[in-house]
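Text of work-v7.cif, listed as mmCIF, C-alpha atoms:
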```cif
data_final
loop_
_atom_site.label_atom_id
_atom_site.label_comp_id
_atom_site.auth_asym_id
_atom_site.auth_seq_id
_atom_site.Cartn_x
_atom_site.Cartn_y
_atom_site.Cartn_z
CA MET A 1 28.05 -1.43 -20.09
CA LYS A 2 27.26 1.08 -17.36
CA LEU A 3 24.12 3.19 -17.30
CA ARG A 4 22.61 5.66 -14.92
CA VAL A 5 18.89 5.80 -14.20
CA PHE A 6 17.41 8.98 -12.72
CA VAL A 7 14.04 8.56 -11.02
CA THR A 8 12.16 11.70 -10.04
CA LEU A 9 8.66 12.58 -8.90
CA LYS A 10 6.40 13.77 -11.70
CA PRO A 11 5.59 17.47 -11.78
CA GLY A 12 2.59 18.17 -9.60
CA VAL A 13 3.26 15.29 -7.20
CA LEU A 14 3.94 16.80 -3.80
CA ASP A 15 7.48 16.11 -2.53
CA PRO A 16 7.43 16.58 1.27
CA GLN A 17 11.12 15.60 1.52
CA GLY A 18 12.16 18.14 -1.10
CA GLU A 19 10.14 20.78 0.77
CA ALA A 20 11.90 19.95 4.04
CA VAL A 21 15.28 20.24 2.31
CA ARG A 22 14.23 23.60 0.86
CA HIS A 23 13.31 24.89 4.33
CA ALA A 24 16.62 23.63 5.75
CA LEU A 25 18.56 25.42 3.00
CA GLY A 26 16.68 28.60 3.84
CA ALA A 27 17.56 28.14 7.52
CA LEU A 28 21.25 27.88 6.56
CA GLY A 29 21.04 31.25 4.88
CA PHE A 30 20.78 30.14 1.24
CA GLU A 31 18.39 32.66 -0.18
CA GLY A 32 16.27 32.38 -3.28
CA VAL A 33 15.85 28.59 -3.30
CA ASN A 34 12.49 28.51 -5.05
CA GLY A 35 12.12 24.75 -5.11
CA VAL A 36 13.79 21.45 -4.28
CA ARG A 37 12.74 18.12 -5.75
CA GLN A 38 14.39 14.98 -4.45
CA GLY A 39 14.90 11.85 -6.53
CA LYS A 40 17.21 8.89 -6.82
CA MET A 41 19.99 7.80 -9.12
CA ILE A 42 20.57 4.12 -9.81
CA GLU A 43 23.76 2.82 -11.46
CA LEU A 44 23.41 -0.27 -13.60
CA ASP A 45 26.28 -2.45 -14.76
CA LEU A 46 24.92 -4.61 -17.58
CA ALA A 47 26.56 -7.49 -19.43
CA GLU A 48 25.06 -6.15 -22.67
CA THR A 49 27.66 -4.43 -24.90
CA ASP A 50 25.30 -2.94 -27.50
CA ALA A 51 24.32 0.57 -26.37
CA ASP A 52 20.83 0.51 -27.88
CA LYS A 53 20.00 -2.87 -26.41
CA ALA A 54 21.36 -1.84 -23.02
CA GLN A 55 19.20 1.28 -23.12
CA GLN A 56 16.19 -0.85 -24.03
CA GLN A 57 16.87 -3.23 -21.14
CA ALA A 58 17.17 -0.36 -18.70
CA ASP A 59 13.94 1.12 -20.00
CA GLU A 60 12.13 -2.17 -19.38
CA MET A 61 13.65 -2.36 -15.88
CA CYS A 62 12.30 1.11 -15.13
CA GLN A 63 8.83 0.20 -16.36
CA LYS A 64 8.72 -3.01 -14.36
CA LEU A 65 10.47 -2.10 -11.13
CA LEU A 66 12.85 0.84 -10.83
CA ALA A 67 10.20 3.57 -11.19
CA ASN A 68 6.58 3.70 -10.08
CA THR A 69 5.18 5.40 -13.16
CA VAL A 70 2.03 6.40 -11.26
CA ILE A 71 4.05 9.07 -9.47
CA GLU A 72 7.57 8.98 -10.93
CA SER A 73 9.24 9.61 -14.25
CA TYR A 74 12.66 8.30 -15.22
CA ARG A 75 15.55 9.02 -17.55
CA VAL A 76 18.32 6.65 -18.61
CA GLU A 77 21.77 7.79 -19.69
CA MET A 78 25.05 6.12 -20.53
CA ALA A 79 27.51 6.40 -17.65
CA MET B 1 -13.68 -19.05 5.54
CA LYS B 2 -10.19 -20.01 4.47
CA ALA B 3 -7.64 -17.24 4.82
CA ALA B 4 -4.08 -17.18 3.49
CA VAL B 5 -1.74 -14.75 5.27
CA ILE B 6 1.41 -13.87 3.36
CA THR B 7 4.81 -13.35 4.98
CA PHE B 8 7.60 -11.39 3.30
CA PRO B 9 11.04 -10.84 4.79
CA GLY B 10 10.35 -7.85 7.04
CA SER B 11 6.61 -8.44 7.56
CA ASN B 12 5.80 -7.89 11.22
CA CYS B 13 2.01 -7.96 11.47
CA ASP B 14 1.54 -11.35 9.81
CA ARG B 15 0.93 -13.17 13.07
CA ASP B 16 -1.43 -10.45 14.36
CA LEU B 17 -3.44 -10.72 11.16
CA ALA B 18 -3.57 -14.53 11.37
CA VAL B 19 -4.71 -14.31 15.02
CA ALA B 20 -7.51 -11.89 14.05
CA PHE B 21 -8.73 -14.18 11.27
CA GLU B 22 -8.59 -17.17 13.63
CA GLY B 23 -10.38 -15.14 16.29
CA VAL B 24 -13.53 -15.04 14.17
CA GLY B 25 -13.26 -18.73 13.26
CA ALA B 26 -11.37 -18.60 9.97
CA GLN B 27 -9.00 -21.39 8.99
CA VAL B 28 -5.64 -19.70 8.39
CA THR B 29 -2.69 -20.89 6.32
CA ARG B 30 0.58 -18.96 6.47
CA VAL B 31 2.13 -18.51 3.04
CA TRP B 32 5.77 -17.63 2.31
CA HIS B 33 6.60 -15.03 -0.35
CA LYS B 34 8.57 -17.57 -2.39
CA ASP B 35 5.54 -19.86 -2.72
CA THR B 36 4.08 -19.75 -6.20
CA ALA B 37 0.52 -20.83 -5.39
CA LEU B 38 -2.12 -20.13 -2.76
CA PRO B 39 -3.62 -23.04 -0.81
CA ALA B 40 -6.55 -24.68 -2.63
CA GLY B 41 -9.88 -23.23 -1.58
CA THR B 42 -8.52 -19.92 -0.33
CA ASP B 43 -11.36 -17.41 0.20
CA ILE B 44 -9.30 -14.41 1.24
CA VAL B 45 -5.65 -13.37 1.08
CA GLY B 46 -4.25 -11.15 3.84
CA ILE B 47 -1.19 -9.03 3.06
CA PRO B 48 0.13 -7.82 6.41
CA GLY B 49 1.87 -4.73 7.67
CA GLY B 50 5.58 -4.42 8.23
CA PHE B 51 8.62 -3.37 6.26
CA SER B 52 8.81 -5.94 3.47
CA PHE B 53 12.32 -6.07 2.03
CA GLY B 54 13.32 -3.22 4.32
CA ASP B 55 11.22 -0.74 2.29
CA TYR B 56 14.11 -0.77 -0.22
CA LEU B 57 13.54 1.11 -3.49
CA ARG B 58 9.93 2.02 -2.57
CA CYS B 59 7.64 0.67 0.16
CA GLY B 60 6.11 -2.58 -1.10
CA ALA B 61 7.86 -2.43 -4.49
CA ILE B 62 9.95 -5.57 -4.17
CA ALA B 63 7.24 -7.59 -2.41
CA ALA B 64 4.92 -6.70 -5.30
CA ARG B 65 7.31 -8.52 -7.68
CA SER B 66 7.80 -11.62 -5.48
CA PRO B 67 6.73 -15.09 -6.67
CA ILE B 68 3.52 -15.14 -4.58
CA ALA B 69 2.43 -11.77 -6.03
CA ARG B 70 1.58 -13.37 -9.37
CA ALA B 71 -0.65 -15.93 -7.65
CA ILE B 72 -2.37 -13.12 -5.73
CA THR B 73 -2.99 -11.17 -8.96
CA ASP B 74 -4.57 -14.27 -10.55
CA PHE B 75 -6.63 -14.87 -7.41
CA ALA B 76 -7.91 -11.27 -7.43
CA SER B 77 -8.71 -11.32 -11.16
CA GLY B 78 -10.76 -14.45 -10.50
CA GLY B 79 -12.88 -12.49 -8.00
CA GLY B 80 -11.00 -13.45 -4.84
CA HIS B 81 -10.95 -11.21 -1.77
CA VAL B 82 -7.65 -9.55 -0.82
CA LEU B 83 -7.05 -7.45 2.31
CA GLY B 84 -3.87 -5.35 2.41
CA ILE B 85 -3.11 -3.52 5.64
CA CYS B 86 -0.45 -0.81 5.95
CA ASN B 87 2.56 -2.24 4.08
CA GLY B 88 0.00 -4.60 2.53
CA PHE B 89 -1.80 -1.54 1.06
CA GLN B 90 1.54 -0.31 -0.31
CA VAL B 91 2.11 -3.74 -1.87
CA LEU B 92 -1.37 -3.69 -3.47
CA VAL B 93 -0.81 -0.31 -5.17
CA GLU B 94 2.64 -1.42 -6.33
CA MET B 95 1.04 -4.57 -7.78
CA GLY B 96 -1.50 -2.41 -9.59
CA LEU B 97 -4.47 -4.12 -7.89
CA LEU B 98 -5.46 -0.73 -6.46
CA PRO B 99 -4.91 2.69 -8.06
CA GLY B 100 -2.72 5.52 -6.78
CA ALA B 101 0.38 5.53 -4.62
CA LEU B 102 1.44 6.12 -1.01
CA LEU B 103 3.94 8.92 -0.47
CA ARG B 104 5.97 9.95 2.57
CA ASN B 105 3.73 11.46 5.29
CA ALA B 106 3.28 15.21 4.76
CA ASN B 107 4.95 16.01 8.11
CA LEU B 108 7.81 13.57 7.25
CA LYS B 109 7.28 11.77 10.56
CA TYR B 110 6.60 8.14 11.32
CA ILE B 111 3.20 8.32 13.01
CA CYS B 112 2.10 5.67 15.51
CA LYS B 113 -1.17 6.46 17.29
CA PRO B 114 -4.86 5.61 17.39
CA VAL B 115 -6.91 7.57 14.83
CA THR B 116 -10.61 8.01 14.24
CA LEU B 117 -11.92 6.73 10.92
CA ARG B 118 -15.30 7.21 9.30
CA VAL B 119 -16.73 4.14 7.57
CA GLU B 120 -17.75 5.51 4.17
CA THR B 121 -19.51 2.45 2.78
CA ALA B 122 -20.95 -0.78 4.13
CA GLY B 123 -21.08 -2.11 0.58
CA SER B 124 -18.23 -4.63 0.74
CA GLY B 125 -17.43 -7.81 2.63
CA PHE B 126 -14.82 -5.85 4.57
CA THR B 127 -17.15 -3.12 5.76
CA ALA B 128 -20.46 -5.02 5.97
CA GLY B 129 -19.99 -5.32 9.74
CA TYR B 130 -20.15 -1.54 10.17
CA ALA B 131 -22.95 1.00 9.89
CA PRO B 132 -22.16 3.50 7.12
CA GLY B 133 -20.98 6.74 8.69
CA ALA B 134 -19.86 4.97 11.88
CA GLN B 135 -16.75 6.37 13.52
CA ILE B 136 -14.21 3.85 14.71
CA THR B 137 -10.83 4.08 16.45
CA VAL B 138 -8.01 2.05 14.95
CA PRO B 139 -4.23 2.53 15.25
CA ILE B 140 -1.96 3.69 12.46
CA ALA B 141 1.79 3.08 12.36
CA HIS B 142 3.45 4.26 9.18
CA HIS B 143 5.90 6.64 7.55
CA ASP B 144 4.49 6.45 4.02
CA GLY B 145 0.71 6.61 4.18
CA ASN B 146 0.07 9.82 2.28
CA TYR B 147 -2.35 8.58 -0.39
CA THR B 148 -2.18 10.23 -3.78
CA ALA B 149 -3.76 9.65 -7.17
CA ASP B 150 -4.46 11.77 -10.23
CA PRO B 151 -7.64 13.92 -10.08
CA GLU B 152 -9.58 11.60 -12.43
CA THR B 153 -8.81 8.55 -10.27
CA LEU B 154 -9.78 10.42 -7.10
CA ALA B 155 -13.06 11.51 -8.69
CA ARG B 156 -13.78 7.95 -9.83
CA LEU B 157 -13.00 6.44 -6.41
CA GLN B 158 -15.31 8.91 -4.71
CA GLY B 159 -18.02 8.77 -7.37
CA ASP B 160 -18.17 4.97 -7.25
CA GLY B 161 -18.22 4.82 -3.45
CA ARG B 162 -14.88 3.05 -3.39
CA VAL B 163 -13.46 5.05 -0.49
CA ALA B 164 -13.94 2.57 2.36
CA PHE B 165 -12.52 4.65 5.21
CA ARG B 166 -11.65 8.32 5.72
CA TYR B 167 -9.58 9.93 8.46
CA VAL B 168 -11.71 12.26 10.58
CA ASP B 169 -8.54 14.25 11.39
CA ASN B 170 -6.11 13.65 8.50
CA PRO B 171 -2.75 12.67 10.05
CA ASN B 172 -0.58 12.17 6.97
CA GLY B 173 -1.73 14.48 4.18
CA SER B 174 -3.70 11.86 2.23
CA ALA B 175 -5.75 13.19 -0.68
CA ALA B 176 -9.44 13.52 0.24
CA ASP B 177 -8.62 12.19 3.75
CA ILE B 178 -8.47 8.68 2.28
CA ALA B 179 -7.47 5.91 4.70
CA GLY B 180 -8.63 2.91 2.66
CA ILE B 181 -9.95 2.13 -0.82
CA LEU B 182 -11.74 -0.70 -2.60
CA SER B 183 -11.12 -2.20 -6.03
CA GLU B 184 -13.72 -1.85 -8.76
CA ASN B 185 -15.31 -5.21 -7.85
CA ARG B 186 -15.12 -4.21 -4.15
CA ARG B 187 -13.22 -7.38 -3.26
CA VAL B 188 -9.78 -5.87 -2.77
CA LEU B 189 -9.33 -3.49 0.16
CA GLY B 190 -6.17 -1.57 0.96
CA MET B 191 -5.98 0.51 4.13
CA MET B 192 -3.20 2.12 6.16
CA PRO B 193 -4.81 1.72 9.64
CA HIS B 194 -4.52 -1.62 11.45
CA PRO B 195 -7.90 -3.25 12.28
CA GLU B 196 -6.05 -6.38 13.48
CA ARG B 197 -4.48 -4.24 16.22
CA ALA B 198 -7.91 -3.21 17.50
CA PHE B 199 -9.36 -6.68 17.78
CA SER B 200 -9.37 -7.73 21.41
CA ALA B 201 -9.86 -5.80 24.65
CA VAL B 202 -6.16 -6.16 25.52
CA HIS B 203 -5.39 -4.01 22.45
CA GLY B 204 -7.18 -1.12 24.11
CA GLY B 205 -10.05 -1.19 21.63
CA THR B 206 -12.08 -3.64 19.56
CA ASP B 207 -13.33 -1.45 16.71
CA GLY B 208 -11.38 -3.47 14.13
CA ARG B 209 -13.12 -6.71 15.00
CA ALA B 210 -16.26 -5.96 12.99
CA MET B 211 -14.21 -6.08 9.78
CA PHE B 212 -13.29 -9.71 10.39
CA GLU B 213 -16.80 -10.58 11.59
CA GLY B 214 -18.28 -8.97 8.47
CA LEU B 215 -15.97 -11.06 6.30
CA ILE B 216 -16.94 -14.27 8.08
CA SER B 217 -20.63 -13.47 7.41
CA ALA B 218 -19.84 -12.74 3.75
CA PHE B 219 -18.40 -16.23 3.40
CA ALA B 220 -20.96 -18.02 5.56
CA PRO B 221 -22.77 -20.78 3.65
CA ALA B 222 -26.21 -19.51 2.65
#
```

Rendering of file as structure tokens:
Amino acid sequence: MKLRVFVTLKPGVLDPQGEAVRHALGALGFEGVNGVRQGKMIELDLAETDADKAQQQADEMCQKLLANTVIESYRVEMA
Amino acid sequence: MKAAVITFPGSNCDRDLAVAFEGVGAQVTRVWHKDTALPAGTDIVGIPGGFSFGDYLRCGAIAARSPIARAITDFASGGGHVLGICNGFQVLVEMGLLPGALLRNANLKYICKPVTLRVETAGSGFTAGYAPGAQITVPIAHHDGNYTADPETLARLQGDGRVAFRYVDNPNGSAADIAGILSENRRVLGMMPHPERAFSAVHGGTDGRAMFEGLISAFAPA
């Protein structure tokens, strides 16, 4: 079963990389880019075939390793 | 004083840290990240700088889940001293032994230069060798040293005198100019600057030496 995990900085946590991307977009002539937040997407291929259990496993993986919940939030979806 | 210096794949300041400990007379054992126990009688664990596991996922994240990390957590909960420098600080926050997180530097650049720090407290084994308020010069070398924590945590750290070092001229955007923090029991220190790289005259400065000398005194038999 394949899942996708999206890890993003929590609102309020400064994202210097996102800011740099925003400036670069402005320099390329893209106007009206009010904000850019950068995150990561992780694809998981799990042996589990039950969707609920797979979701649960992915959730535990996020809590323990994939996200740093001090600064990041995460979302899991079926691929 | 018996020191255990940990090596992860990608650590690159482990030898420097061991040499600094040995330079003040400590007995040093080098410990591999796959080891599951610290040497018997360890007084202090040193987690060195470097790029453990290539900084994959997040700086320090994978090292913080390595076999030796569990032993370090047990050691710290039993009141043991732990010193995490640079990547070692990142590992300590990822392990949850210190609060907050270290983000990419505000200017997005890897910064490698000597910086001036203010010693904010002498109330720990790590800082006992300094006068409070003293200004010292120690190098930094990092890309992700921008300390952040929620406002309550920052208030608590400052209210309890747990900020060990502040940057005089903040290089990386750290909240409240924080360069190093102590745990609640003041026995775990995480700091981005490298005291072990300001230890002997050939380093161009010796301001880091007092940290190791202070530690030796803290462990000296009464």

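Computed from the coordinates, the CA of Thr7 in chain B to CA of Lys40 in chain A distance equals 28.1 Å.
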
query: Could you list, as a PyMOL selection string, every residue of chain B that has an atom within 10 Å of an atom of chain A, counting all atoms listed in the file?
result: chain B and resi 57-58+61-62+64-65+93-94+96+99-108+148-150+173

task: Can you give me, as a VMD selection string, the residues this file yields under the PyMOL selection byres ((chain B and resi 73-82) around 10)?
output: chain B and resid 3 to 5 37 to 38 42 to 47 64 68 to 72 83 to 85 88 92 95 to 97 125 to 126 182 to 183 185 to 190 215

- request: Show which residues sit within 12 Å of Cys62 in chain A, as a PyMOL selection string. Count only C-alpha atoms, and ignore same-chain residues fewer than 5 positions away.
  value: (chain A and resi 4-8+41-42+44+55-57+67-69+72-76) or (chain B and resi 57)

Selection result of the PyMOL selection byres ((chain B and resi 161) around 12) on this file, as JSON, numbers by chain: {"B": [119, 120, 121, 122, 123, 124, 132, 154, 155, 156, 157, 158, 159, 160, 162, 163, 164, 165, 166, 178, 180, 181, 182, 183, 184, 185, 186]}

query: Expressed in Å to a single decimal, how great is the separation between CA of Met211 in chain B and CA of Gly129 in chain B?
result: 5.8 Å

statement: Taken to one decimal, the CA of Phe212 in chain B-CA of Ala26 in chain B distance is 9.1 Å

message: Taking 2 positions as the minimum chain separation for residues in the same chain, which residues sit within 8 Å of Val168 in chain B when counting all atoms listed in the file? Answer as a ChimeraX atom specification.
response: /B:115-118,166,170,177

Once the PyMOL selection byres ((chain B and resi 32) around 8) has been evaluated on this model, what residues remain selected, and can you format them as a compact mmCIF listing (two decimals) with C-alpha atoms, keeping the file's coordinate frame?
```txt
# COMPACT_ATOMS: atom_id res chain seq x y z
CA ILE B 6 1.41 -13.87 3.36
CA THR B 7 4.81 -13.35 4.98
CA PHE B 8 7.60 -11.39 3.30
CA ARG B 30 0.58 -18.96 6.47
CA VAL B 31 2.13 -18.51 3.04
CA HIS B 33 6.60 -15.03 -0.35
CA LYS B 34 8.57 -17.57 -2.39
CA ASP B 35 5.54 -19.86 -2.72
CA ILE B 68 3.52 -15.14 -4.58
```

Coordinates of box centre and edge lengths for range 37-54 of chain A, 6 Å on every side, axis-aligned, as lines of an AutoDock Vina configuration file:
```
center_x = 20.2
center_y = 5.3
center_z = -16.2
size_x = 26.9
size_y = 37.6
size_z = 35.4
```

message: Can you pull out the residues contacting Leu3 in chain A? Cut-off 7 Å, using only C-alpha atoms, and skip same-chain residues under 4 positions away; I want them as an MDAnalysis selection string.
response: chainID A and resid 43:45 76:79
